[in-house]
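K.L.:
I have a structure I would like to understand better, so I am pasting it below and will then ask my questions one at a time.
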Amino acid sequence: MSMTQDERQPPHRFVADAMLGRLAKWLRMMGYDVTFFNDADDLALLRHARAEGRLLLTRDRALARRAGSLGVMIHHQTLEAQLKELTARGFIDGPLDETRCPVCNARLQPIAKEDARERVPPYVYQTQDEFYECPQCHRIYWAGTHWQNVTRTWAALGWKEEE
Ligand SMILES: [Zn+2]
């Protein structure tokens, strides 16, 4: 039985500990709101998670316990196993309808092809039609080889392959 849009829980928001930078980047590309700090200590992470109602993803069992109901201990080492783990435990449900900047977590905005002309390599401009910009760091994204690798991984995990 499928649920209507209104019955769906809003997606969880996360904060990832310093061990989980790669997972944080992938969750952002899947559209999830994930904060990440290289240098925050445990107390700062806990305060941030509580202040913003974020689930704290961590490889540290003691930290997960300290976070109480907001703590999510990640048991697996590899990215794919970690994504499976989060799915099996109901914390994520495949890619969302939007994508966030893997570098800074802001929602990517579509931009006109013409506006990308001066900002991407000529070959990319000639072969791609859809471009996105991060409103925060102003990086330009397009569905290149890297994105194909991402969607291939999603397909391997049983999630829809995006065009
Ligand atoms: Zn960015």
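Starting from 1 in every chain, residues are counted up; chains themselves are A, B, ... following the order of the structure tokens, and ligands are numbered from 1 as listed.
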Residues at most 10 Å from ligand 1, using only C-alpha atoms and all ligand atoms? Could they come as a list of chain:residue names?
P.N.:
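What falls inside 10 Å of ligand 1 is A:Arg100, A:Cys101, A:Pro102, A:Val103, A:Cys104, A:Asn105, A:Ala106, A:Arg107, A:Leu108, A:Glu133, A:Cys134, A:Pro135, A:Gln136, A:Cys137, A:His138, A:Arg139, A:Ile140, A:Tyr141.
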K.L.:
Which residues are close to Leu23 of chain A, i.e. within 12 Å by only C-alpha atoms, leaving aside same-chain residues fewer than 5 positions away? Reply as a CSV table (one decimal) with C-alpha atoms, in the first residue's frame.
P.N.:
chain,number,residue,atom,x,y,z
A,14,PHE,CA,20.9,14.7,10.2
A,15,VAL,CA,24.3,15.8,11.6
A,16,ALA,CA,27.2,13.5,10.8
A,17,ASP,CA,30.3,13.0,13.0
A,18,ALA,CA,33.8,13.5,11.6
A,28,ARG,CA,23.2,15.4,0.6
A,29,MET,CA,23.3,14.3,-3.1
A,30,MET,CA,20.2,12.3,-2.2
A,32,TYR,CA,18.8,15.0,2.7
A,34,VAL,CA,23.0,16.8,6.7
A,35,THR,CA,25.3,19.1,8.6
A,36,PHE,CA,28.9,18.0,9.0
A,57,LEU,CA,25.0,9.8,12.8
A,58,THR,CA,28.1,8.5,14.5
A,59,ARG,CA,30.5,5.6,14.5
A,74,ILE,CA,26.3,3.4,12.3
A,76,HIS,CA,29.0,-0.6,8.9
A,77,GLN,CA,32.2,0.7,7.3
A,78,THR,CA,31.5,0.9,3.6
A,79,LEU,CA,29.3,3.6,2.1
A,80,GLU,CA,26.9,1.2,0.5
A,81,ALA,CA,26.4,-0.8,3.7
A,82,GLN,CA,25.9,2.4,5.6
A,83,LEU,CA,23.1,3.5,3.2
A,84,LYS,CA,21.5,0.0,3.4
A,85,GLU,CA,21.7,0.2,7.2
A,86,LEU,CA,20.0,3.6,7.3
A,102,PRO,CA,27.7,17.7,-1.4
K.L.:
For Asp42 of chain A, which residue among A:Pro110, A:Gly71, A:Pro10, A:Pro95 is the nearest when counting only C-alpha atoms?
P.N.:
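Ranking A:Pro110, A:Gly71, A:Pro10, A:Pro95 by distance to Asp42 of chain A, first place goes to A:Gly71.
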K.L.:
Which is closest to Leu27 of chain A among A:Met73, A:Ile111, A:Leu96, A:Leu157, if we use only C-alpha atoms?
P.N.:
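The shortest atom-to-atom distance to Leu27 of chain A comes from A:Leu96.
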K.L.:
Would you give me, as an MDAnalysis selection string, the residues in chain A that DSSP reads as strand (DSSP E or B)?
P.N.:
chainID A and resid 14:16 34:36 55:58 71:73 100 107 109:111 131:133 140:142
K.L.:
Would you export the selected residues with N, CA and C atoms as a JSON list (two decimals), in the first residue's frame, please?
P.N.:
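New file result12.json:
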[["chain", "number", "residue", "atom", "x", "y", "z"],
["A", 14, "PHE", "N", 19.83, 15.36, 9.58],
["A", 14, "PHE", "CA", 20.95, 14.67, 10.23],
["A", 14, "PHE", "C", 22.10, 15.62, 10.53],
["A", 15, "VAL", "N", 22.93, 15.21, 11.48],
["A", 15, "VAL", "CA", 24.28, 15.76, 11.61],
["A", 15, "VAL", "C", 25.21, 14.54, 11.65],
["A", 16, "ALA", "N", 26.29, 14.61, 10.86],
["A", 16, "ALA", "CA", 27.20, 13.47, 10.79],
["A", 16, "ALA", "C", 28.48, 13.79, 11.56],
["A", 34, "VAL", "N", 21.95, 17.42, 5.78],
["A", 34, "VAL", "CA", 22.97, 16.83, 6.65],
["A", 34, "VAL", "C", 24.04, 17.86, 6.96],
["A", 35, "THR", "N", 24.20, 18.20, 8.22],
["A", 35, "THR", "CA", 25.31, 19.06, 8.60],
["A", 35, "THR", "C", 26.50, 18.18, 8.97],
["A", 36, "PHE", "N", 27.70, 18.75, 8.80],
["A", 36, "PHE", "CA", 28.94, 18.00, 9.01],
["A", 36, "PHE", "C", 30.02, 18.96, 9.44],
["A", 55, "LEU", "N", 19.11, 14.08, 13.80],
["A", 55, "LEU", "CA", 19.63, 12.80, 14.26],
["A", 55, "LEU", "C", 21.14, 12.81, 14.10],
["A", 56, "LEU", "N", 21.84, 12.37, 15.13],
["A", 56, "LEU", "CA", 23.30, 12.37, 15.12],
["A", 56, "LEU", "C", 23.82, 11.02, 14.63],
["A", 57, "LEU", "N", 24.37, 11.03, 13.42],
["A", 57, "LEU", "CA", 24.95, 9.82, 12.84],
["A", 57, "LEU", "C", 26.38, 9.71, 13.33],
["A", 58, "THR", "N", 26.72, 8.59, 13.95],
["A", 58, "THR", "CA", 28.06, 8.47, 14.51],
["A", 58, "THR", "C", 28.54, 7.03, 14.47],
["A", 71, "GLY", "N", 20.45, 9.77, 18.82],
["A", 71, "GLY", "CA", 21.67, 9.08, 18.41],
["A", 71, "GLY", "C", 21.40, 7.94, 17.45],
["A", 72, "VAL", "N", 22.19, 7.88, 16.38],
["A", 72, "VAL", "CA", 22.09, 6.76, 15.43],
["A", 72, "VAL", "C", 23.50, 6.19, 15.25],
["A", 73, "MET", "N", 23.76, 5.06, 15.88],
["A", 73, "MET", "CA", 25.05, 4.38, 15.74],
["A", 73, "MET", "C", 25.12, 3.72, 14.37],
["A", 100, "ARG", "N", 21.11, 18.26, -2.89],
["A", 100, "ARG", "CA", 21.84, 19.32, -2.17],
["A", 100, "ARG", "C", 23.30, 19.29, -2.55],
["A", 107, "ARG", "N", 20.42, 23.59, -0.99],
["A", 107, "ARG", "CA", 19.64, 23.02, -2.09],
["A", 107, "ARG", "C", 20.12, 23.56, -3.42],
["A", 109, "GLN", "N", 19.95, 24.82, -7.20],
["A", 109, "GLN", "CA", 18.93, 25.52, -7.98],
["A", 109, "GLN", "C", 19.22, 25.31, -9.46],
["A", 110, "PRO", "N", 18.19, 24.97, -10.26],
["A", 110, "PRO", "CA", 18.41, 24.89, -11.70],
["A", 110, "PRO", "C", 18.75, 26.27, -12.27],
["A", 111, "ILE", "N", 19.67, 26.31, -13.22],
["A", 111, "ILE", "CA", 19.96, 27.58, -13.89],
["A", 111, "ILE", "C", 19.83, 27.37, -15.40],
["A", 131, "PHE", "N", 21.77, 22.38, -15.96],
["A", 131, "PHE", "CA", 22.80, 22.82, -15.03],
["A", 131, "PHE", "C", 22.16, 23.30, -13.74],
["A", 132, "TYR", "N", 22.89, 23.12, -12.65],
["A", 132, "TYR", "CA", 22.41, 23.53, -11.33],
["A", 132, "TYR", "C", 23.51, 24.31, -10.64],
["A", 133, "GLU", "N", 23.09, 25.26, -9.81],
["A", 133, "GLU", "CA", 24.07, 26.03, -9.07],
["A", 133, "GLU", "C", 23.79, 25.93, -7.58],
["A", 140, "ILE", "N", 28.90, 24.92, -9.96],
["A", 140, "ILE", "CA", 27.93, 24.50, -10.97],
["A", 140, "ILE", "C", 27.97, 22.97, -11.07],
["A", 141, "TYR", "N", 26.80, 22.38, -11.13],
["A", 141, "TYR", "CA", 26.70, 20.92, -11.24],
["A", 141, "TYR", "C", 25.95, 20.55, -12.52],
["A", 142, "TRP", "N", 26.30, 19.40, -13.06],
["A", 142, "TRP", "CA", 25.58, 18.85, -14.21],
["A", 142, "TRP", "C", 25.68, 17.35, -14.12]]
K.L.:
Let's see if you can do this: from backbone DSSP, list all helix (DSSP H, G or I) residues in chain A, as a ChimeraX atom specification.
P.N.:
/A:5-7,18-29,42-52,61-66,68-70,79-88,113-119,122-127,145-156
K.L.:
Calculated over only C-alpha atoms, which of the candidates A:Phe37, A:Pro11, A:Trp147, A:Arg47 has the smallest distance to Arg66 of chain A?
P.N.:
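Closest to Arg66 of chain A of all the choices is A:Arg47.
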K.L.:
Please report the interatomic distance between atom CA of Leu63 of chain A and atom CA of Leu45 of chain A in Å with one decimal.
P.N.:
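Computing it gives 9.4 Å between the two atoms.
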K.L.:
Using only C-alpha atoms, which protein or nucleic acid residues come within 12 Å of Thr151 of chain A? Drop anything in the same chain fewer than 6 positions from it, and give the result as a PDB file with C-alpha atoms, in the first residue's frame.
P.N.:
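Written file, part.pdb:
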ATOM      1  CA  TRP A  26      26.060  11.051  -0.355  1.00  0.00           C
ATOM      2  CA  MET A  29      23.261  14.294  -3.055  1.00  0.00           C
ATOM      3  CA  MET A  30      20.154  12.251  -2.207  1.00  0.00           C
ATOM      4  CA  GLY A  94      15.893   6.449  -1.146  1.00  0.00           C
ATOM      5  CA  PRO A  95      16.728   9.676  -2.965  1.00  0.00           C
ATOM      6  CA  ALA A 143      24.805  15.206 -14.860  1.00  0.00           C
ATOM      7  CA  GLY A 144      28.330  14.169 -15.822  1.00  0.00           C
ATOM      8  CA  THR A 145      30.312  11.007 -15.265  1.00  0.00           C
ATOM      9  CA  LEU A 157      20.741  -0.363  -3.882  1.00  0.00           C
ATOM     10  CA  GLY A 158      17.349  -0.861  -5.528  1.00  0.00           C
ATOM     11  CA  TRP A 159      16.496   2.821  -5.859  1.00  0.00           C
ATOM     12  CA  LYS A 160      15.214   4.295  -9.071  1.00  0.00           C
ATOM     13  CA  GLU A 161      17.805   5.340 -11.584  1.00  0.00           C
ATOM     14  CA  GLU A 162      17.413   9.000 -12.450  1.00  0.00           C
ATOM     15  CA  GLU A 163      17.648  10.325 -15.983  1.00  0.00           C
TER      16      GLU A 163
END
